[in-house]
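Structure file upload-v2.pdb with PDB, C-alpha atoms:
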```
ATOM      1  CA  PRO A   1       9.044  26.629 -10.985  1.00  0.00           C
ATOM      2  CA  GLU A   2       9.967  25.815 -14.551  1.00  0.00           C
ATOM      3  CA  GLY A   3      11.676  22.444 -14.834  1.00  0.00           C
ATOM      4  CA  TRP A   4      10.471  21.249 -11.418  1.00  0.00           C
ATOM      5  CA  ARG A   5       7.532  18.923 -10.775  1.00  0.00           C
ATOM      6  CA  LEU A   6       5.792  16.862  -8.123  1.00  0.00           C
ATOM      7  CA  PRO A   7       7.140  13.298  -8.059  1.00  0.00           C
ATOM      8  CA  THR A   8       5.127  10.311  -9.222  1.00  0.00           C
ATOM      9  CA  LYS A   9       4.695   7.000  -7.442  1.00  0.00           C
ATOM     10  CA  GLN A  10       7.300   5.560  -9.802  1.00  0.00           C
ATOM     11  CA  ASP A  11       9.766   8.305  -8.787  1.00  0.00           C
ATOM     12  CA  PHE A  12       9.400   7.343  -5.113  1.00  0.00           C
ATOM     13  CA  ILE A  13       9.673   3.630  -5.907  1.00  0.00           C
ATOM     14  CA  LYS A  14      12.810   4.265  -7.960  1.00  0.00           C
ATOM     15  CA  LEU A  15      14.355   6.280  -5.114  1.00  0.00           C
ATOM     16  CA  ALA A  16      13.604   3.606  -2.517  1.00  0.00           C
ATOM     17  CA  GLU A  17      14.704   0.714  -4.731  1.00  0.00           C
ATOM     18  CA  SER A  18      17.990   2.498  -5.438  1.00  0.00           C
ATOM     19  CA  GLN A  19      18.666   2.130  -1.707  1.00  0.00           C
ATOM     20  CA  GLY A  20      17.841  -1.570  -1.561  1.00  0.00           C
ATOM     21  CA  VAL A  21      14.177  -1.310  -0.548  1.00  0.00           C
ATOM     22  CA  GLU A  22      12.027  -4.110  -1.962  1.00  0.00           C
ATOM     23  CA  PHE A  23       8.310  -3.678  -2.560  1.00  0.00           C
ATOM     24  CA  THR A  24       5.584  -6.294  -2.299  1.00  0.00           C
ATOM     25  CA  ASN A  25       2.198  -5.064  -3.521  1.00  0.00           C
ATOM     26  CA  GLN A  26       3.566  -1.502  -3.484  1.00  0.00           C
ATOM     27  CA  ARG A  27       4.433  -1.783   0.191  1.00  0.00           C
ATOM     28  CA  ALA A  28       7.820  -2.032   1.919  1.00  0.00           C
ATOM     29  CA  THR A  29       7.849  -3.344   5.479  1.00  0.00           C
ATOM     30  CA  GLY A  30      10.446  -4.599   7.940  1.00  0.00           C
ATOM     31  CA  GLN A  31      13.458  -3.451   5.946  1.00  0.00           C
ATOM     32  CA  GLU A  32      16.471  -1.753   7.478  1.00  0.00           C
ATOM     33  CA  SER A  33      17.125   0.029   4.163  1.00  0.00           C
ATOM     34  CA  THR A  34      14.033   2.251   4.599  1.00  0.00           C
ATOM     35  CA  LYS A  35      15.951   4.141   7.307  1.00  0.00           C
ATOM     36  CA  LYS A  36      18.214   5.555   4.594  1.00  0.00           C
ATOM     37  CA  LEU A  37      15.402   7.934   3.549  1.00  0.00           C
ATOM     38  CA  ALA A  38      14.494   9.109   7.059  1.00  0.00           C
ATOM     39  CA  SER A  39      16.006  11.982   9.023  1.00  0.00           C
ATOM     40  CA  THR A  40      18.171  11.283  12.055  1.00  0.00           C
ATOM     41  CA  THR A  41      15.963  13.431  14.306  1.00  0.00           C
ATOM     42  CA  ASN A  42      12.334  14.065  15.329  1.00  0.00           C
ATOM     43  CA  TRP A  43      11.003  10.499  14.955  1.00  0.00           C
ATOM     44  CA  LEU A  44       9.200   9.158  18.031  1.00  0.00           C
ATOM     45  CA  THR A  45      10.963   5.794  18.180  1.00  0.00           C
ATOM     46  CA  ILE A  46      13.102   4.988  15.150  1.00  0.00           C
ATOM     47  CA  ARG A  47      15.941   7.206  14.018  1.00  0.00           C
ATOM     48  CA  GLY A  48      16.742   7.190  10.352  1.00  0.00           C
ATOM     49  CA  THR A  49      20.262   7.268   8.953  1.00  0.00           C
ATOM     50  CA  ASN A  50      19.554   9.795   6.156  1.00  0.00           C
ATOM     51  CA  SER A  51      22.392   8.255   4.159  1.00  0.00           C
ATOM     52  CA  THR A  52      20.545   9.255   0.946  1.00  0.00           C
ATOM     53  CA  GLY A  53      20.229  12.931   1.856  1.00  0.00           C
ATOM     54  CA  PHE A  54      16.459  12.718   1.249  1.00  0.00           C
ATOM     55  CA  ASN A  55      16.035  13.663   4.928  1.00  0.00           C
ATOM     56  CA  ALA A  56      12.347  12.813   5.421  1.00  0.00           C
ATOM     57  CA  HIS A  57      11.209  14.389   8.701  1.00  0.00           C
ATOM     58  CA  PRO A  58       8.077  13.098  10.430  1.00  0.00           C
ATOM     59  CA  ALA A  59       6.082  16.215   9.611  1.00  0.00           C
ATOM     60  CA  GLY A  60       2.925  14.160   9.127  1.00  0.00           C
ATOM     61  CA  TYR A  61      -0.191  15.618   7.559  1.00  0.00           C
ATOM     62  CA  SER A  62      -3.299  17.443   8.706  1.00  0.00           C
ATOM     63  CA  PHE A  63      -6.992  17.170   7.992  1.00  0.00           C
ATOM     64  CA  GLN A  64      -9.251  20.215   7.768  1.00  0.00           C
ATOM     65  CA  ASN A  65      -8.342  22.497  10.686  1.00  0.00           C
ATOM     66  CA  SER A  66      -6.681  19.882  12.891  1.00  0.00           C
ATOM     67  CA  GLU A  67      -3.149  20.085  14.206  1.00  0.00           C
ATOM     68  CA  PRO A  68      -0.634  18.141  12.102  1.00  0.00           C
ATOM     69  CA  ILE A  69      -0.300  14.457  12.908  1.00  0.00           C
ATOM     70  CA  ASP A  70       3.439  14.086  13.270  1.00  0.00           C
ATOM     71  CA  GLY A  71       6.243  12.309  15.063  1.00  0.00           C
ATOM     72  CA  ASP A  72       5.846   8.916  13.416  1.00  0.00           C
ATOM     73  CA  ILE A  73       4.784   9.638   9.829  1.00  0.00           C
ATOM     74  CA  CYS A  74       6.042  11.599   6.846  1.00  0.00           C
ATOM     75  CA  GLU A  75       3.609  11.924   3.986  1.00  0.00           C
ATOM     76  CA  PHE A  76       4.206  13.595   0.605  1.00  0.00           C
ATOM     77  CA  TRP A  77       1.746  14.521  -2.108  1.00  0.00           C
ATOM     78  CA  MET A  78       2.408  12.916  -5.484  1.00  0.00           C
ATOM     79  CA  ALA A  79       1.629  14.248  -8.955  1.00  0.00           C
ATOM     80  CA  ASP A  80      -1.564  12.162  -9.199  1.00  0.00           C
ATOM     81  CA  GLY A  81      -2.947  13.572  -5.911  1.00  0.00           C
ATOM     82  CA  ASN A  82      -2.194  10.429  -3.882  1.00  0.00           C
ATOM     83  CA  THR A  83       0.546  10.176  -1.265  1.00  0.00           C
ATOM     84  CA  PHE A  84       3.847   8.500  -0.479  1.00  0.00           C
ATOM     85  CA  SER A  85       4.062   7.656   3.217  1.00  0.00           C
ATOM     86  CA  LEU A  86       7.170   6.805   5.238  1.00  0.00           C
ATOM     87  CA  GLN A  87       6.141   5.841   8.759  1.00  0.00           C
ATOM     88  CA  GLU A  88       7.387   4.088  11.852  1.00  0.00           C
ATOM     89  CA  SER A  89       6.395   0.442  11.798  1.00  0.00           C
ATOM     90  CA  GLY A  90       4.271  -1.101  14.515  1.00  0.00           C
ATOM     91  CA  SER A  91       7.273  -3.165  15.629  1.00  0.00           C
ATOM     92  CA  GLY A  92       9.156   0.003  16.522  1.00  0.00           C
ATOM     93  CA  LYS A  93      12.258  -1.256  14.733  1.00  0.00           C
ATOM     94  CA  THR A  94      12.127   0.114  11.194  1.00  0.00           C
ATOM     95  CA  HIS A  95      10.087   2.262   8.840  1.00  0.00           C
ATOM     96  CA  THR A  96       7.313   1.201   6.476  1.00  0.00           C
ATOM     97  CA  ILE A  97       6.643   2.686   3.045  1.00  0.00           C
ATOM     98  CA  LEU A  98       3.051   2.809   1.810  1.00  0.00           C
ATOM     99  CA  PHE A  99       1.122   4.613  -0.906  1.00  0.00           C
ATOM    100  CA  TYR A 100      -2.285   6.041  -0.067  1.00  0.00           C
ATOM    101  CA  SER A 101      -5.205   7.081  -2.205  1.00  0.00           C
ATOM    102  CA  THR A 102      -6.423  10.455  -1.014  1.00  0.00           C
ATOM    103  CA  THR A 103     -10.073  10.957  -1.713  1.00  0.00           C
ATOM    104  CA  GLY A 104     -12.028  13.875  -0.428  1.00  0.00           C
ATOM    105  CA  THR A 105     -10.961  17.364   0.479  1.00  0.00           C
ATOM    106  CA  GLY A 106      -9.423  18.989   3.488  1.00  0.00           C
ATOM    107  CA  TYR A 107      -6.144  17.056   3.625  1.00  0.00           C
ATOM    108  CA  ARG A 108      -2.818  18.868   3.687  1.00  0.00           C
ATOM    109  CA  PHE A 109       0.446  17.045   2.997  1.00  0.00           C
ATOM    110  CA  ASN A 110       4.115  17.885   2.614  1.00  0.00           C
ATOM    111  CA  LEU A 111       5.511  18.745  -0.798  1.00  0.00           C
ATOM    112  CA  ARG A 112       8.815  17.673  -2.291  1.00  0.00           C
ATOM    113  CA  PHE A 113       9.649  18.754  -5.829  1.00  0.00           C
ATOM    114  CA  ILE A 114      12.077  17.082  -8.212  1.00  0.00           C
ATOM    115  CA  LYS A 115      13.888  18.297 -11.283  1.00  0.00           C
ATOM    116  CA  ASP A 116      14.607  16.006 -14.187  1.00  0.00           C
ATOM    117  CA  LYS A 117      18.142  16.018 -15.541  1.00  0.00           C
TER     118      LYS A 117
END
```

For the structure just supplied, provide its representation as structure tokens.
Amino acid sequence: PEGWRLPTKQDFIKLAESQGVEFTNQRATGQESTKKLASTTNWLTIRGTNSTGFNAHPAGYSFQNSEPIDGDICEFWMADGNTFSLQESGSGKTHTILFYSTTGTGYRFNLRFIKDK
């Protein structure tokens, strides 16, 4: 709709950094503050706190005609066609934030729109 747009990588970085997340090489790992973006339900292992209200649910993504891969990953399309990914870390203690380059066709991701002030 008019006035709304897909977020950019910088929009997601700004959101995360506003909650105390620190990035190294555009990656945030092992930080308690990442839980602030995640929902309090539906994650396999790690519950978020959703203190930001962003409420990222682990709705995953799907490829071609496959069932969605969910439960431990939340992936959003960005304006440039790449994705922002919030996922349970391998340690099972916190979430990790990564950015992925999506090449090829057949992928389906979640959408989140933003409106500039």

*Any idea what's packed within 9 Å of region 70-78 of chain A, counting all atoms listed in the file, ignoring anything in its chain fewer than 5 positions away? Could you give it as a ChimeraX atom specification?*
/A:6-9,12,38,42-46,56-62,83-89,108-112

_Calculated over all atoms listed in the file, which of the candidates A:Ala16, A:Ala79, A:Thr49, A:Ser91 has the smallest distance to Phe113 (chain A)?_
A:Ala79

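The space separating CA of Tyr107 (chain A) from CA of Asn65 (chain A) comes to 9.2 Å.
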
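Between CA of Asp11 (chain A) and CA of Thr105 (chain A) the separation is 24.4 Å.
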
*asked:* Going by the chain IDs and residue numbers used in this file, which residues fall under the PyMOL selection byres ((chain A and resi 33) around 7)? Write them as an MDAnalysis selection string.
replied: chainID A and resid 19:21 31:32 34:36

*asked:* Take the PyMOL selection byres ((chain A and resi 4) around 6), run it mentally on this structure, and tell me the resulting residues as a ChimeraX atom specification.
replied: /A:1-3,5,114-115

Take the residues from that selection and write them out as a PDB file, keeping the file's coordinate frame, keeping C-alpha atoms.
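The file below, selection17.pdb, is the result:
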```pdb
ATOM      1  CA  PRO A   1       9.044  26.629 -10.985  1.00  0.00           C
ATOM      2  CA  GLU A   2       9.967  25.815 -14.551  1.00  0.00           C
ATOM      3  CA  GLY A   3      11.676  22.444 -14.834  1.00  0.00           C
ATOM      4  CA  ARG A   5       7.532  18.923 -10.775  1.00  0.00           C
ATOM      5  CA  ILE A 114      12.077  17.082  -8.212  1.00  0.00           C
ATOM      6  CA  LYS A 115      13.888  18.297 -11.283  1.00  0.00           C
TER       7      LYS A 115
END
```

_Nearest-residue call for Asn55 (chain A), choices A:Thr24, A:Gly92, A:Leu37, A:Pro68, using all atoms listed in the file_ = A:Leu37

_CA of Lys117 (chain A) to CA of Ser101 (chain A), distance in Å rounded to a single decimal_ = 28.3 Å

*Which one is closest to Gly106 (chain A): A:Thr94, A:Asn82, A:Thr41, A:Gln64? Count only C-alpha atoms.*
A:Gln64

*Applied to the shown file, which residues does the PyMOL selection byres ((chain A and resi 28) around 6) return, written as a PyMOL selection string?*
chain A and resi 23+27+29+96-97

Work out where the centre of an axis-aligned box around every listed atom of region 83-90 of chain A lies and how long its edges are once 6 Å is added on each side; give both in Å to one decimal as lines of an AutoDock Vina configuration file.
```
center_x = 4.0
center_y = 4.5
center_z = 6.6
size_x = 18.8
size_y = 23.3
size_z = 27.8
```
